[in-house]
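*Asks:* Structure file my_file38.pdb, PDB, C-alpha atoms, is pasted below:
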```
ATOM      1  CA  GLY A1428      19.534  -3.802   7.676
ATOM      2  CA  ASP A1429      19.179  -0.237   6.467
ATOM      3  CA  GLU A1430      21.298   1.419   9.171
ATOM      4  CA  PHE A1431      25.017   2.038   9.274
ATOM      5  CA  ALA A1432      27.406   4.083  11.391
ATOM      6  CA  ILE A1433      30.155   6.451  10.361
ATOM      7  CA  ILE A1434      33.040   6.890  12.809
ATOM      8  CA  ALA A1435      35.052  10.054  12.242
ATOM      9  CA  PRO A1436      38.188  10.018  14.460
ATOM     10  CA  GLY A1437      39.356  13.354  15.776
ATOM     11  CA  LEU A1438      36.137  15.126  14.811
ATOM     12  CA  SER A1439      34.798  17.021  17.800
ATOM     13  CA  ASP A1440      33.732  20.339  16.247
ATOM     14  CA  PRO A1441      29.970  20.388  15.568
ATOM     15  CA  ARG A1442      30.557  22.471  12.443
ATOM     16  CA  GLU A1443      32.788  19.760  10.980
ATOM     17  CA  ALA A1444      30.205  17.108  11.845
ATOM     18  CA  ALA A1445      27.469  19.155  10.180
ATOM     19  CA  ALA A1446      29.577  19.583   7.052
ATOM     20  CA  LEU A1447      30.150  15.822   6.873
ATOM     21  CA  ALA A1448      26.421  15.165   7.291
ATOM     22  CA  GLU A1449      25.620  17.620   4.505
ATOM     23  CA  GLU A1450      28.089  15.853   2.199
ATOM     24  CA  ILE A1451      26.404  12.509   2.868
ATOM     25  CA  LEU A1452      22.906  13.904   2.292
ATOM     26  CA  HIS A1453      24.077  15.578  -0.914
ATOM     27  CA  ALA A1454      25.525  12.295  -2.189
ATOM     28  CA  PHE A1455      22.252  10.451  -1.637
ATOM     29  CA  ARG A1456      20.256  13.247  -3.255
ATOM     30  CA  LYS A1457      22.450  12.964  -6.341
ATOM     31  CA  GLU A1458      21.799   9.216  -6.421
ATOM     32  CA  ASN A1459      18.051   9.834  -6.184
ATOM     33  CA  GLU A1460      18.202  12.128  -9.216
ATOM     34  CA  GLN A1461      19.446   9.213 -11.305
ATOM     35  CA  ALA A1462      17.319   6.471  -9.740
ATOM     36  CA  SER A1463      13.946   5.084 -10.735
ATOM     37  CA  ASN A1464      11.017   5.432  -8.354
ATOM     38  CA  ASP A1465      11.757   1.975  -6.960
ATOM     39  CA  GLY A1466      15.277   3.011  -6.037
ATOM     40  CA  LEU A1467      14.591   6.240  -4.140
ATOM     41  CA  MET A1468      16.091   6.518  -0.680
ATOM     42  CA  SER A1469      15.210   8.720   2.264
ATOM     43  CA  THR A1470      18.241   9.520   4.385
ATOM     44  CA  SER A1471      18.294  10.568   8.039
ATOM     45  CA  ILE A1472      21.375  11.163  10.166
ATOM     46  CA  GLY A1473      21.855  11.361  13.924
ATOM     47  CA  ILE A1474      25.075  12.833  15.329
ATOM     48  CA  ALA A1475      26.674  12.317  18.742
ATOM     49  CA  LEU A1476      30.069  13.813  19.571
ATOM     50  CA  TYR A1477      32.858  12.538  21.819
ATOM     51  CA  PRO A1478      33.481  13.541  24.560
ATOM     52  CA  GLN A1479      30.680  16.136  24.852
ATOM     53  CA  ASP A1480      27.804  13.660  24.492
ATOM     54  CA  ALA A1481      29.358  10.469  25.885
ATOM     55  CA  ARG A1482      32.695   9.002  26.905
ATOM     56  CA  ASP A1483      32.082   5.358  26.094
ATOM     57  CA  GLN A1484      31.267   3.569  22.859
ATOM     58  CA  GLU A1485      27.854   2.131  23.762
ATOM     59  CA  THR A1486      26.440   5.389  25.110
ATOM     60  CA  LEU A1487      27.785   7.352  22.145
ATOM     61  CA  ILE A1488      26.083   5.013  19.670
ATOM     62  CA  ASN A1489      22.831   5.082  21.650
ATOM     63  CA  HIS A1490      22.851   8.882  21.649
ATOM     64  CA  ALA A1491      23.487   8.969  17.897
ATOM     65  CA  ASP A1492      20.546   6.597  17.433
ATOM     66  CA  THR A1493      18.351   8.856  19.566
ATOM     67  CA  ALA A1494      19.293  11.845  17.403
ATOM     68  CA  LEU A1495      18.540   9.733  14.324
ATOM     69  CA  TYR A1496      14.954   9.169  15.465
ATOM     70  CA  ARG A1497      14.558  12.912  15.969
ATOM     71  CA  ALA A1498      15.761  13.540  12.410
ATOM     72  CA  LYS A1499      13.300  10.981  11.042
ATOM     73  CA  SER A1500      10.391  12.374  13.037
ATOM     74  CA  GLU A1501      11.103  15.910  11.807
ATOM     75  CA  GLY A1502      10.780  15.144   8.140
ATOM     76  CA  ARG A1503      13.699  12.899   7.114
ATOM     77  CA  ASP A1504      16.374  13.842   4.596
ATOM     78  CA  THR A1505      18.066  15.848   7.336
ATOM     79  CA  TYR A1506      20.409  15.505  10.313
ATOM     80  CA  ARG A1507      20.114  16.274  14.002
ATOM     81  CA  PHE A1508      22.615  16.526  16.852
ATOM     82  CA  TYR A1509      22.012  14.685  20.113
ATOM     83  CA  GLU A1510      20.570  16.845  22.870
ATOM     84  CA  HIS A1511      20.211  15.779  26.485
ATOM     85  CA  GLU A1512      16.423  16.068  26.575
ATOM     86  CA  MET A1513      16.219  13.608  23.702
ATOM     87  CA  GLY A1514      17.096  10.837  26.142
ATOM     88  CA  GLN A1515      13.767  11.148  27.900
ATOM     89  CA  GLU A1516      11.940  11.264  24.570
ATOM     90  CA  ALA A1517      13.739   8.096  23.420
ATOM     91  CA  ARG A1518      12.815   6.249  26.604
ATOM     92  CA  ALA A1519       9.187   7.317  26.234
ATOM     93  CA  ARG A1520       9.234   6.121  22.631
ATOM     94  CA  ARG A1521      10.606   2.699  23.579
ATOM     95  CA  ILE A1522       7.920   2.360  26.241
ATOM     96  CA  MET A1523       5.224   3.233  23.687
ATOM     97  CA  GLU A1524       6.641   0.714  21.196
ATOM     98  CA  HIS A1525       6.390  -1.983  23.871
ATOM     99  CA  GLU A1526       2.848  -0.962  24.834
ATOM    100  CA  LEU A1527       1.691  -0.904  21.207
ATOM    101  CA  ARG A1528       2.807  -4.496  20.711
ATOM    102  CA  HIS A1529       0.482  -5.579  23.524
ATOM    103  CA  ALA A1530      -2.415  -3.163  22.986
ATOM    104  CA  VAL A1531      -4.391  -5.490  20.694
ATOM    105  CA  GLY A1532      -4.214  -8.407  23.122
ATOM    106  CA  ARG A1533      -5.180  -6.142  25.986
ATOM    107  CA  ARG A1534      -8.222  -4.827  24.069
ATOM    108  CA  GLU A1535      -7.100  -1.218  24.320
ATOM    109  CA  PHE A1536      -7.976  -0.363  20.707
ATOM    110  CA  HIS A1537     -11.419   0.396  19.363
ATOM    111  CA  LEU A1538     -12.837   1.713  16.113
ATOM    112  CA  VAL A1539     -15.126   4.658  15.468
ATOM    113  CA  TYR A1540     -17.037   4.910  12.215
ATOM    114  CA  GLN A1541     -17.231   8.153  10.279
ATOM    115  CA  PRO A1542     -20.143   8.412   7.818
ATOM    116  CA  GLN A1543     -19.398   8.889   4.129
ATOM    117  CA  LYS A1544     -22.088  10.640   2.085
ATOM    118  CA  LYS A1545     -22.566  11.845  -1.469
ATOM    119  CA  LEU A1546     -22.054  15.583  -1.671
ATOM    120  CA  ASP A1547     -24.885  16.224  -4.116
ATOM    121  CA  THR A1548     -27.652  14.177  -2.482
ATOM    122  CA  GLY A1549     -26.468  13.585   1.080
ATOM    123  CA  GLU A1550     -27.044   9.855   0.597
ATOM    124  CA  LEU A1551     -25.164   7.661   3.058
ATOM    125  CA  ILE A1552     -22.882   5.334   1.083
ATOM    126  CA  GLY A1553     -20.630   3.923   3.786
ATOM    127  CA  TYR A1554     -18.360   4.474   6.747
ATOM    128  CA  GLU A1555     -14.654   5.001   7.312
ATOM    129  CA  ALA A1556     -13.142   3.008  10.184
ATOM    130  CA  LEU A1557     -10.898   5.149  12.391
ATOM    131  CA  LEU A1558      -8.544   3.620  14.963
ATOM    132  CA  ARG A1559      -8.540   4.905  18.540
ATOM    133  CA  TRP A1560      -6.307   3.906  21.457
ATOM    134  CA  LYS A1561      -7.462   4.288  25.045
ATOM    135  CA  HIS A1562      -4.420   3.729  27.226
ATOM    136  CA  PRO A1563      -5.262   2.342  30.682
ATOM    137  CA  GLU A1564      -3.155   5.014  32.408
ATOM    138  CA  ARG A1565      -2.785   7.923  29.958
ATOM    139  CA  GLY A1566      -6.279   7.824  28.511
ATOM    140  CA  ASN A1567      -6.966   8.567  24.838
ATOM    141  CA  ILE A1568      -3.778   8.888  22.780
ATOM    142  CA  SER A1569      -3.964  10.702  19.456
ATOM    143  CA  PRO A1570      -3.401   8.611  16.310
ATOM    144  CA  GLY A1571      -1.006  11.345  15.216
ATOM    145  CA  VAL A1572       1.187  10.326  18.148
ATOM    146  CA  PHE A1573       1.030   6.534  18.148
ATOM    147  CA  ILE A1574       0.640   5.704  14.429
ATOM    148  CA  PRO A1575       4.137   6.975  13.455
ATOM    149  CA  VAL A1576       5.651   4.958  16.315
ATOM    150  CA  ALA A1577       3.704   1.878  15.239
ATOM    151  CA  GLU A1578       4.916   2.294  11.649
ATOM    152  CA  GLU A1579       8.516   2.825  12.660
ATOM    153  CA  SER A1580       8.571  -0.199  14.981
ATOM    154  CA  GLY A1581       6.640  -2.532  12.673
ATOM    155  CA  ALA A1582       3.789  -2.890  15.178
ATOM    156  CA  ILE A1583       1.461  -1.368  12.570
ATOM    157  CA  VAL A1584       1.259  -4.699  10.721
ATOM    158  CA  PRO A1585      -0.559  -6.718  13.440
ATOM    159  CA  ILE A1586      -2.490  -3.615  14.508
ATOM    160  CA  GLY A1587      -3.597  -3.014  10.922
ATOM    161  CA  GLU A1588      -4.680  -6.635  10.602
ATOM    162  CA  TRP A1589      -6.839  -6.218  13.716
ATOM    163  CA  VAL A1590      -8.381  -3.039  12.258
ATOM    164  CA  LEU A1591      -9.161  -4.787   8.973
ATOM    165  CA  GLN A1592     -10.661  -7.828  10.713
ATOM    166  CA  THR A1593     -12.761  -5.745  13.114
ATOM    167  CA  ALA A1594     -14.022  -3.293  10.486
ATOM    168  CA  CYS A1595     -14.964  -6.020   7.992
ATOM    169  CA  SER A1596     -16.744  -8.013  10.697
ATOM    170  CA  ALA A1597     -18.793  -4.959  11.638
ATOM    171  CA  ALA A1598     -19.630  -4.140   8.016
ATOM    172  CA  ALA A1599     -20.705  -7.721   7.321
ATOM    173  CA  SER A1600     -23.349  -7.392  10.043
ATOM    174  CA  TRP A1601     -24.935  -4.250   8.586
ATOM    175  CA  LYS A1602     -28.344  -4.672   6.975
ATOM    176  CA  ASP A1603     -27.535  -2.405   4.036
ATOM    177  CA  ASP A1604     -24.686  -3.037   1.590
ATOM    178  CA  LEU A1605     -22.762   0.026   2.694
ATOM    179  CA  MET A1606     -19.062   0.480   1.943
ATOM    180  CA  ILE A1607     -16.414   0.198   4.632
ATOM    181  CA  ALA A1608     -13.199   2.196   4.169
ATOM    182  CA  VAL A1609     -10.080   1.056   6.018
ATOM    183  CA  ASN A1610      -6.887   3.081   6.198
ATOM    184  CA  VAL A1611      -3.765   1.076   5.409
ATOM    185  CA  SER A1612      -0.222   2.203   6.074
ATOM    186  CA  ALA A1613       2.337   1.917   3.296
ATOM    187  CA  VAL A1614       4.252  -0.359   5.669
ATOM    188  CA  GLN A1615       1.327  -2.799   5.584
ATOM    189  CA  LEU A1616       0.843  -2.411   1.854
ATOM    190  CA  HIS A1617       4.405  -3.450   1.145
ATOM    191  CA  SER A1618       4.214  -6.457   3.448
ATOM    192  CA  VAL A1619       4.493  -9.642   1.377
ATOM    193  CA  ASN A1620       1.507 -11.137   3.224
ATOM    194  CA  PHE A1621      -0.883  -8.208   2.773
ATOM    195  CA  PRO A1622      -2.882  -9.617  -0.197
ATOM    196  CA  GLN A1623      -3.295 -12.947   1.600
ATOM    197  CA  THR A1624      -4.379 -11.156   4.765
ATOM    198  CA  VAL A1625      -7.108  -9.216   2.934
ATOM    199  CA  HIS A1626      -8.267 -12.397   1.181
ATOM    200  CA  ARG A1627      -8.409 -14.332   4.464
ATOM    201  CA  VAL A1628     -10.293 -11.575   6.305
ATOM    202  CA  LEU A1629     -12.899 -11.340   3.555
ATOM    203  CA  LEU A1630     -13.424 -15.106   3.662
ATOM    204  CA  GLU A1631     -13.635 -15.214   7.457
ATOM    205  CA  THR A1632     -16.035 -12.274   7.774
ATOM    206  CA  GLY A1633     -18.125 -13.039   4.692
ATOM    207  CA  LEU A1634     -17.866  -9.423   3.519
ATOM    208  CA  SER A1635     -18.298  -8.949  -0.222
ATOM    209  CA  PRO A1636     -15.023  -7.648  -1.733
ATOM    210  CA  HIS A1637     -16.769  -4.828  -3.578
ATOM    211  CA  ARG A1638     -17.815  -3.314  -0.230
ATOM    212  CA  LEU A1639     -14.242  -2.915   1.034
ATOM    213  CA  GLU A1640     -12.323   0.248   0.205
ATOM    214  CA  ILE A1641      -8.614   0.403   1.025
ATOM    215  CA  GLU A1642      -7.277   3.896   1.649
ATOM    216  CA  ILE A1643      -3.515   4.386   1.625
ATOM    217  CA  THR A1644      -2.312   6.739   4.341
ATOM    218  CA  GLU A1645       1.016   7.363   2.561
ATOM    219  CA  THR A1646       1.632   7.790  -1.153
ATOM    220  CA  ALA A1647       4.851   5.816  -1.200
ATOM    221  CA  LEU A1648       7.182   3.795   0.928
ATOM    222  CA  VAL A1649      10.833   4.697   0.607
ATOM    223  CA  ARG A1650      13.729   2.872   2.099
ATOM    224  CA  ASP A1651      15.527   4.713   4.876
ATOM    225  CA  MET A1652      19.299   4.892   4.820
ATOM    226  CA  HIS A1653      20.761   6.038   8.144
TER
END
```
If you took the structure in this file and wrote it as structure tokens, what would it be?

*Replies:*
Amino acid sequence: GDEFAIIAPGLSDPREAAALAEEILHAFRKENEQASNDGLMSTSIGIALYPQDARDQETLINHADTALYRAKSEGRDTYRFYEHEMGQEARARRIMEHELRHAVGRREFHLVYQPQKKLDTGELIGYEALLRWKHPERGNISPGVFIPVAEESGAIVPIGEWVLQTACSAAASWKDDLMIAVNVSAVQLHSVNFPQTVHRVLLETGLSPHRLEIEITETALVRDMH
């Protein structure tokens, strides 16, 4: 896929590891300067050191992967060292990934509709569908928390399809021809099946295409190189 590992024998000094990470990031930045927009790469690096962080191969790789997720969550194009408390964060993240994959089937998601009005007249022209997750044990979880995890794990694709289906069904039942705005992740947008999904949902719900507004939550999707 888009991940690879670098094994540096005899490297146990964090300063040496940091210098190596900086060299790698610099190399990718230079490539980006010469690439077209389609070829841009975002690079994130996680570092685990032997024997400080782990004494066996599997644990060392797992810890490096945990540090990698921290680097990605803190803005990408950077590196992070493994820290012990990251282990708990990684476990919590894996649990959330699992729960997100089942949340649609368990009817834990719902939509709220935010009115959209003209600034000059105050006329209501439509609604924006906003996704909310009510966890059966932890209660309401902020979209700012679960959306990035859904995007990273790929769960955003089926979740986004549910949002589109539900929002279009609701809009089709409205008496007035108001617009419905649906937020779409760049991960969904770049899915090969996205156009077919939109077409199918419009046919199934009977919503006129001119009433659907797709809002992109990210300006671009770049490939991660780890």

*Asks:* Counting all atoms listed in the file, what is within 9 Å of A:Gln1615, bar same-chain residues fewer than 5 positions away, as a PyMOL selection string?

*Replies:* chain A and resi 1578+1581+1583-1585+1587-1588+1620-1621

*Asks:* May I have the residues within 8 Å of stretch 1486-1495 of chain A as a list of chain:residue names, using all atoms listed in the file and disregarding those fewer than 6 positions away in the same chain?

*Replies:*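 Contacts, with the query itself left out: A:Ser1471, A:Ile1472, A:Gly1473, A:Ile1474, A:Ala1475, A:Leu1476, A:Tyr1477, A:Asp1480, A:Tyr1506, A:Arg1507, A:Phe1508, A:Tyr1509, A:Glu1510, A:Met1513, A:Gly1514, A:Ala1517, A:His1653.
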
*Asks:* Around all the atoms of stretch 1589-1594 of chain A listed in the file, with 3 Å of room on each side, what axis-aligned box do you get, giving centre and edge lengths in Å to one decimal, as lines of an AutoDock Vina configuration file?

*Replies:*
```
center_x = -10.4
center_y = -5.4
center_z = 11.3
size_x = 13.2
size_y = 10.8
size_z = 10.7
```

*Asks:* Can you pull out every residue within 9 Å of A:Ala1556, counting only C-alpha atoms, but drop anything in the same chain fewer than 6 positions away, and send it as a PyMOL selection string?

*Replies:* chain A and resi 1538-1541+1590-1591+1594+1607-1610

*Asks:* My list of candidates is A:Val1572, A:Ala1613, A:Leu1630, A:Val1625. Which is closest to A:Thr1644 when distances are computed with all atoms listed in the file?

*Replies:*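 Closest residue, counting all atoms listed in the file: A:Ala1613.
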
*Asks:* Check the smallest atom-to-atom distance from each of A:Ala1432, A:Phe1573, A:Ser1618, A:Pro1478 to A:Ala1519 using only C-alpha atoms, then report the winner.

*Replies:*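 For A:Ala1519, the nearest of the candidates is A:Phe1573.
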
*Asks:* Between A:Glu1516, A:Glu1526, A:Ser1580, A:Asp1504, which is the closest to A:Ile1451 once you count all atoms listed in the file?

*Replies:*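 That would be A:Asp1504, the residue with the smallest distance to A:Ile1451.
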
*Asks:* Fewer than 3 positions away in the same chain doesn't count, so skip those; otherwise give me all residues within 9 Å of A:Arg1503, counting all atoms listed in the file, as a PDB file with C-alpha atoms, keeping the file's coordinate frame.

*Replies:*
```pdb
ATOM      1  CA  SER A1469      15.210   8.720   2.264  1.00  0.00           C
ATOM      2  CA  THR A1470      18.241   9.520   4.385  1.00  0.00           C
ATOM      3  CA  SER A1471      18.294  10.568   8.039  1.00  0.00           C
ATOM      4  CA  ILE A1472      21.375  11.163  10.166  1.00  0.00           C
ATOM      5  CA  ARG A1497      14.558  12.912  15.969  1.00  0.00           C
ATOM      6  CA  ALA A1498      15.761  13.540  12.410  1.00  0.00           C
ATOM      7  CA  LYS A1499      13.300  10.981  11.042  1.00  0.00           C
ATOM      8  CA  SER A1500      10.391  12.374  13.037  1.00  0.00           C
ATOM      9  CA  TYR A1506      20.409  15.505  10.313  1.00  0.00           C
ATOM     10  CA  ASP A1651      15.527   4.713   4.876  1.00  0.00           C
TER      11      ASP A1651
END
```

*Asks:* If the PyMOL selection byres ((chain A and resi 1535) around 7) is run on the structure shown, which residues does it catch, given as a ChimeraX atom specification?

*Replies:* /A:1530-1531,1533-1534,1536-1537,1560-1562

*Asks:* If you keep C-alpha atoms, can you produce a file of those selected residues as a CSV table (one decimal), keeping the file's coordinate frame?

*Replies:*
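So result-v2.csv came out as:
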```csv
chain,number,residue,atom,x,y,z
A,1530,ALA,CA,-2.4,-3.2,23.0
A,1531,VAL,CA,-4.4,-5.5,20.7
A,1533,ARG,CA,-5.2,-6.1,26.0
A,1534,ARG,CA,-8.2,-4.8,24.1
A,1536,PHE,CA,-8.0,-0.4,20.7
A,1537,HIS,CA,-11.4,0.4,19.4
A,1560,TRP,CA,-6.3,3.9,21.5
A,1561,LYS,CA,-7.5,4.3,25.0
A,1562,HIS,CA,-4.4,3.7,27.2
```

*Asks:* What separation in Å, quoted to one decimal, exists between atom CA of A:Leu1605 and atom CA of A:Leu1551?

*Replies:*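 That distance, rounded to one decimal, is 8.0 Å.
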
*Asks:* What is the atom CA of A:Glu1501-atom CA of A:His1525 distance in Å, reported with one decimal?

*Replies:* 22.1 Å

*Asks:* To one decimal place, how far is atom CA of A:Glu1443 from atom CA of A:Glu1430 in Å?

*Replies:*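 Between these atoms lies a distance of 21.7 Å.
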
*Asks:* For A:Ala1444, list every protein, DNA or RNA residue within 9 Å, evaluated using only C-alpha atoms, and leave out those in the same chain fewer than 4 positions away; present the list as a ChimeraX atom specification.

*Replies:* /A:1435,1438-1440,1448-1449,1474,1476

*Asks:* Using C-alpha atoms, can you export the residues from the last selection as an mmCIF file, in the frame of the given file?

*Replies:*
```
data_model
loop_
_atom_site.group_PDB
_atom_site.id
_atom_site.type_symbol
_atom_site.label_atom_id
_atom_site.label_comp_id
_atom_site.auth_asym_id
_atom_site.auth_seq_id
_atom_site.Cartn_x
_atom_site.Cartn_y
_atom_site.Cartn_z
ATOM 1 C CA ALA A 1435 35.052 10.054 12.242
ATOM 2 C CA LEU A 1438 36.137 15.126 14.811
ATOM 3 C CA SER A 1439 34.798 17.021 17.800
ATOM 4 C CA ASP A 1440 33.732 20.339 16.247
ATOM 5 C CA ALA A 1448 26.421 15.165 7.291
ATOM 6 C CA GLU A 1449 25.620 17.620 4.505
ATOM 7 C CA ILE A 1474 25.075 12.833 15.329
ATOM 8 C CA LEU A 1476 30.069 13.813 19.571
#
```

*Asks:* Rank A:Ser1600, A:Ser1635, A:Asn1459, A:Ser1612 by their smallest atom-to-atom distance to A:Ala1577, using all atoms listed in the file, and report the top residue only.

*Replies:* A:Ser1612

*Asks:* Which residue out of A:Pro1542, A:Ile1574, A:Thr1548, A:Arg1482 has the minimum interatomic distance to A:Glu1524 when only C-alpha atoms are used?

*Replies:* A:Ile1574

*Asks:* Select, from A:Asp1429, A:Glu1450, A:Glu1631, A:Asp1604, the residue with the minimum atom-to-atom distance to A:Gly1553, counting only C-alpha atoms.

*Replies:*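 For A:Gly1553, the nearest of the candidates is A:Asp1604.
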